[in-house]
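Source file: start_35.csv (CSV, C-alpha atoms)
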```
chain,number,residue,atom,x,y,z
A,1,MET,CA,41.8,-41.5,13.2
A,2,SER,CA,43.4,-44.7,12.1
A,3,VAL,CA,41.8,-48.1,12.2
A,4,THR,CA,43.4,-51.4,11.2
A,5,VAL,CA,41.4,-53.8,9.1
A,6,ARG,CA,42.6,-57.4,9.1
A,7,ILE,CA,42.0,-59.0,5.7
A,8,PRO,CA,41.4,-62.8,5.3
A,9,THR,CA,43.5,-64.7,2.8
A,10,ILE,CA,40.7,-65.1,0.3
A,11,LEU,CA,40.3,-61.3,0.1
A,12,ARG,CA,43.9,-60.3,0.1
A,13,PRO,CA,44.1,-60.0,-3.8
A,14,TYR,CA,41.9,-56.9,-3.4
A,15,ALA,CA,44.4,-55.4,-1.0
A,16,ASP,CA,47.6,-56.2,-3.0
A,17,GLY,CA,48.2,-59.2,-0.8
A,18,ALA,CA,48.3,-57.3,2.5
A,19,SER,CA,47.1,-59.1,5.6
A,20,SER,CA,45.9,-55.8,7.1
A,21,VAL,CA,45.2,-52.3,5.9
A,22,GLU,CA,45.3,-49.1,7.8
A,23,VAL,CA,42.4,-46.8,7.0
A,24,GLU,CA,41.3,-43.3,8.0
A,25,PRO,CA,37.5,-43.3,7.9
A,26,ALA,CA,35.7,-40.0,7.3
A,27,GLY,CA,32.6,-39.1,9.2
A,28,ALA,CA,31.4,-40.5,12.5
A,29,SER,CA,33.5,-43.6,12.3
A,30,SER,CA,31.0,-46.3,12.1
A,31,LEU,CA,31.8,-49.7,10.7
A,32,SER,CA,30.1,-48.5,7.5
A,33,ASP,CA,32.6,-45.6,7.3
A,34,VAL,CA,35.5,-47.9,7.9
A,35,LEU,CA,34.4,-50.3,5.1
A,36,ALA,CA,34.0,-47.3,2.8
A,37,ALA,CA,37.6,-46.2,3.6
A,38,LEU,CA,38.7,-49.8,3.0
A,39,GLU,CA,37.0,-49.8,-0.4
A,40,GLU,CA,39.0,-46.7,-1.4
A,41,LYS,CA,42.3,-48.6,-0.6
A,42,ALA,CA,41.2,-52.0,-1.9
A,43,PRO,CA,38.7,-51.5,-4.7
A,44,GLY,CA,36.2,-54.3,-5.1
A,45,ILE,CA,36.6,-55.7,-1.5
A,46,SER,CA,33.3,-54.2,-0.1
A,47,ALA,CA,31.2,-56.2,-2.6
A,48,ARG,CA,32.6,-59.3,-0.9
A,49,ILE,CA,31.6,-58.0,2.5
A,50,ILE,CA,28.4,-56.2,1.9
A,51,ASP,CA,25.5,-57.6,-0.2
A,52,GLU,CA,23.3,-55.9,-2.8
A,53,ALA,CA,20.8,-54.8,-0.1
A,54,GLY,CA,23.6,-53.0,1.9
A,55,ALA,CA,23.8,-55.6,4.7
A,56,LEU,CA,26.7,-57.7,5.8
A,57,ARG,CA,26.9,-60.8,3.7
A,58,ARG,CA,25.5,-63.9,5.5
A,59,PHE,CA,28.7,-65.9,5.4
A,60,VAL,CA,31.1,-63.1,6.4
A,61,ASN,CA,31.8,-62.3,10.0
A,62,VAL,CA,33.1,-58.9,11.1
A,63,TYR,CA,34.6,-58.3,14.5
A,64,VAL,CA,35.7,-55.1,16.3
A,65,GLY,CA,38.3,-56.3,18.7
A,66,ASP,CA,36.7,-59.5,20.0
A,67,ASP,CA,33.1,-58.5,19.5
A,68,ASP,CA,31.0,-59.8,16.6
A,69,VAL,CA,29.2,-56.7,15.1
A,70,ARG,CA,26.1,-58.8,14.5
A,71,PHE,CA,25.6,-58.6,18.3
A,72,LEU,CA,26.4,-54.9,18.4
A,73,ASP,CA,25.0,-52.4,16.0
A,74,GLY,CA,26.0,-54.1,12.7
A,75,LEU,CA,27.2,-51.6,10.1
A,76,SER,CA,26.3,-48.8,12.6
A,77,THR,CA,28.7,-50.1,15.2
A,78,VAL,CA,30.9,-47.2,16.4
A,79,ILE,CA,34.6,-47.8,15.8
A,80,ALA,CA,37.1,-46.1,18.1
A,81,ALA,CA,40.4,-44.7,17.0
A,82,GLY,CA,43.1,-47.4,17.0
A,83,ALA,CA,40.6,-50.3,16.9
A,84,THR,CA,41.1,-53.5,14.9
A,85,VAL,CA,38.4,-54.7,12.6
A,86,SER,CA,38.7,-58.3,11.5
A,87,VAL,CA,36.9,-59.7,8.4
A,88,ILE,CA,36.5,-63.4,8.8
A,89,PRO,CA,34.8,-65.6,6.2
A,90,ALA,CA,32.5,-68.2,7.8
A,91,VAL,CA,33.7,-71.8,7.5
A,92,ALA,CA,31.3,-74.6,6.9
A,93,GLY,CA,31.5,-78.1,5.8
A,94,GLY,CA,31.0,-81.7,6.8
A,95,CYS,CA,29.8,-84.9,5.3
```
Please, can you express the file's structure as structure tokens?
Amino acid sequence: MSVTVRIPTILRPYADGASSVEVEPAGASSLSDVLAALEEKAPGISARIIDEAGALRRFVNVYVGDDDVRFLDGLSTVIAAGATVSVIPAVAGGC
């Protein structure tokens, strides 16, 4: 089962500059499995997505297709074969 993970510019150095990475997750194919497979191909990237407590970092958004995983099942969200997972850093700012 292949899943495409879209990598934001700020994290591309972990993926040798690639804007997306194809991964083949083991197991039941949850988001957690997909991120573990991504870590194998892009060492160090998962620490930028998942915090020390094992949860998604507060200022990183992850989407499966058009759906924010925070409104689904978080890291337990089931990922279908051929899905696209997008990692998007939150943008904040202002005066």
In the coordinates of the file, take the point (41.8, -45.8, 20.4) and a cut-off of 9 Å; then, counting all atoms listed in the file, name each qualifying protein, DNA or RNA residue as a short mmCIF file (atom, residue, chain, number, x, y, z; two decimals) with C-alpha atoms, in the frame of the given file.
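Full text of out_15.cif as output:
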```cif
data_model
loop_
_atom_site.label_atom_id
_atom_site.label_comp_id
_atom_site.auth_asym_id
_atom_site.auth_seq_id
_atom_site.Cartn_x
_atom_site.Cartn_y
_atom_site.Cartn_z
CA MET A 1 41.80 -41.50 13.20
CA SER A 2 43.40 -44.70 12.10
CA VAL A 3 41.80 -48.10 12.20
CA ILE A 79 34.60 -47.80 15.80
CA ALA A 80 37.10 -46.10 18.10
CA ALA A 81 40.40 -44.70 17.00
CA GLY A 82 43.10 -47.40 17.00
CA ALA A 83 40.60 -50.30 16.90
#
```
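For the atom pair formed by atom CA of Leu35 of chain A and atom CA of Ser20 of chain A, the distance is 12.9 Å, given to one decimal.
The residue that comes closest to Tyr63 of chain A, out of A:Ser76, A:Thr84, A:Gly44, A:Ala15 and on the basis of all atoms listed in the file, is A:Thr84.
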Residue among A:Val78, A:Val60, A:Ala55, A:Ala47 lying closest to Ala90 of chain A, counting all atoms listed in the file: A:Val60
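Of the residues under consideration (A:Lys41, A:Glu22, A:Leu31, A:Arg48), A:Leu31 shows the shortest atom-to-atom contact distance to Asp68 of chain A when counting only C-alpha atoms.
Pairwise distance (atom CA of Leu38 of chain A, atom CA of Thr4 of chain A) equals 9.6 Å.
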Record the distance separating atom CA of Ser30 of chain A and atom CA of Val85 of chain A, expressed in Å with one decimal. 11.2 Å
Name all residues at most 7 Å from Val21 of chain A (count only C-alpha atoms; drop same-chain ones fewer than 3 positions away) and give them as a VMD selection string. chain A and resid 4 to 6 18
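If you measure from each of A:Leu11, A:Leu75, A:Ala26, A:Val87 to Pro43 of chain A using only C-alpha atoms, the closest one turns out to be A:Leu11.
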Distance query Pro25 of chain A at most 6 Å, only C-alpha atoms, self and fewer than 5 positions along chain excluded, as a PyMOL selection string: chain A and resi 33-34+37
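Residue nearest Gly74 of chain A, chosen from A:Ser86, A:Ser19, A:Ser32, A:Ser46 and counting only C-alpha atoms: A:Ser32.
With all atoms listed in the file as the atoms that count, the residue of A:Pro89, A:Ala36, A:Asp67, A:Ala42 with the shortest distance to Tyr14 of chain A is A:Ala42.
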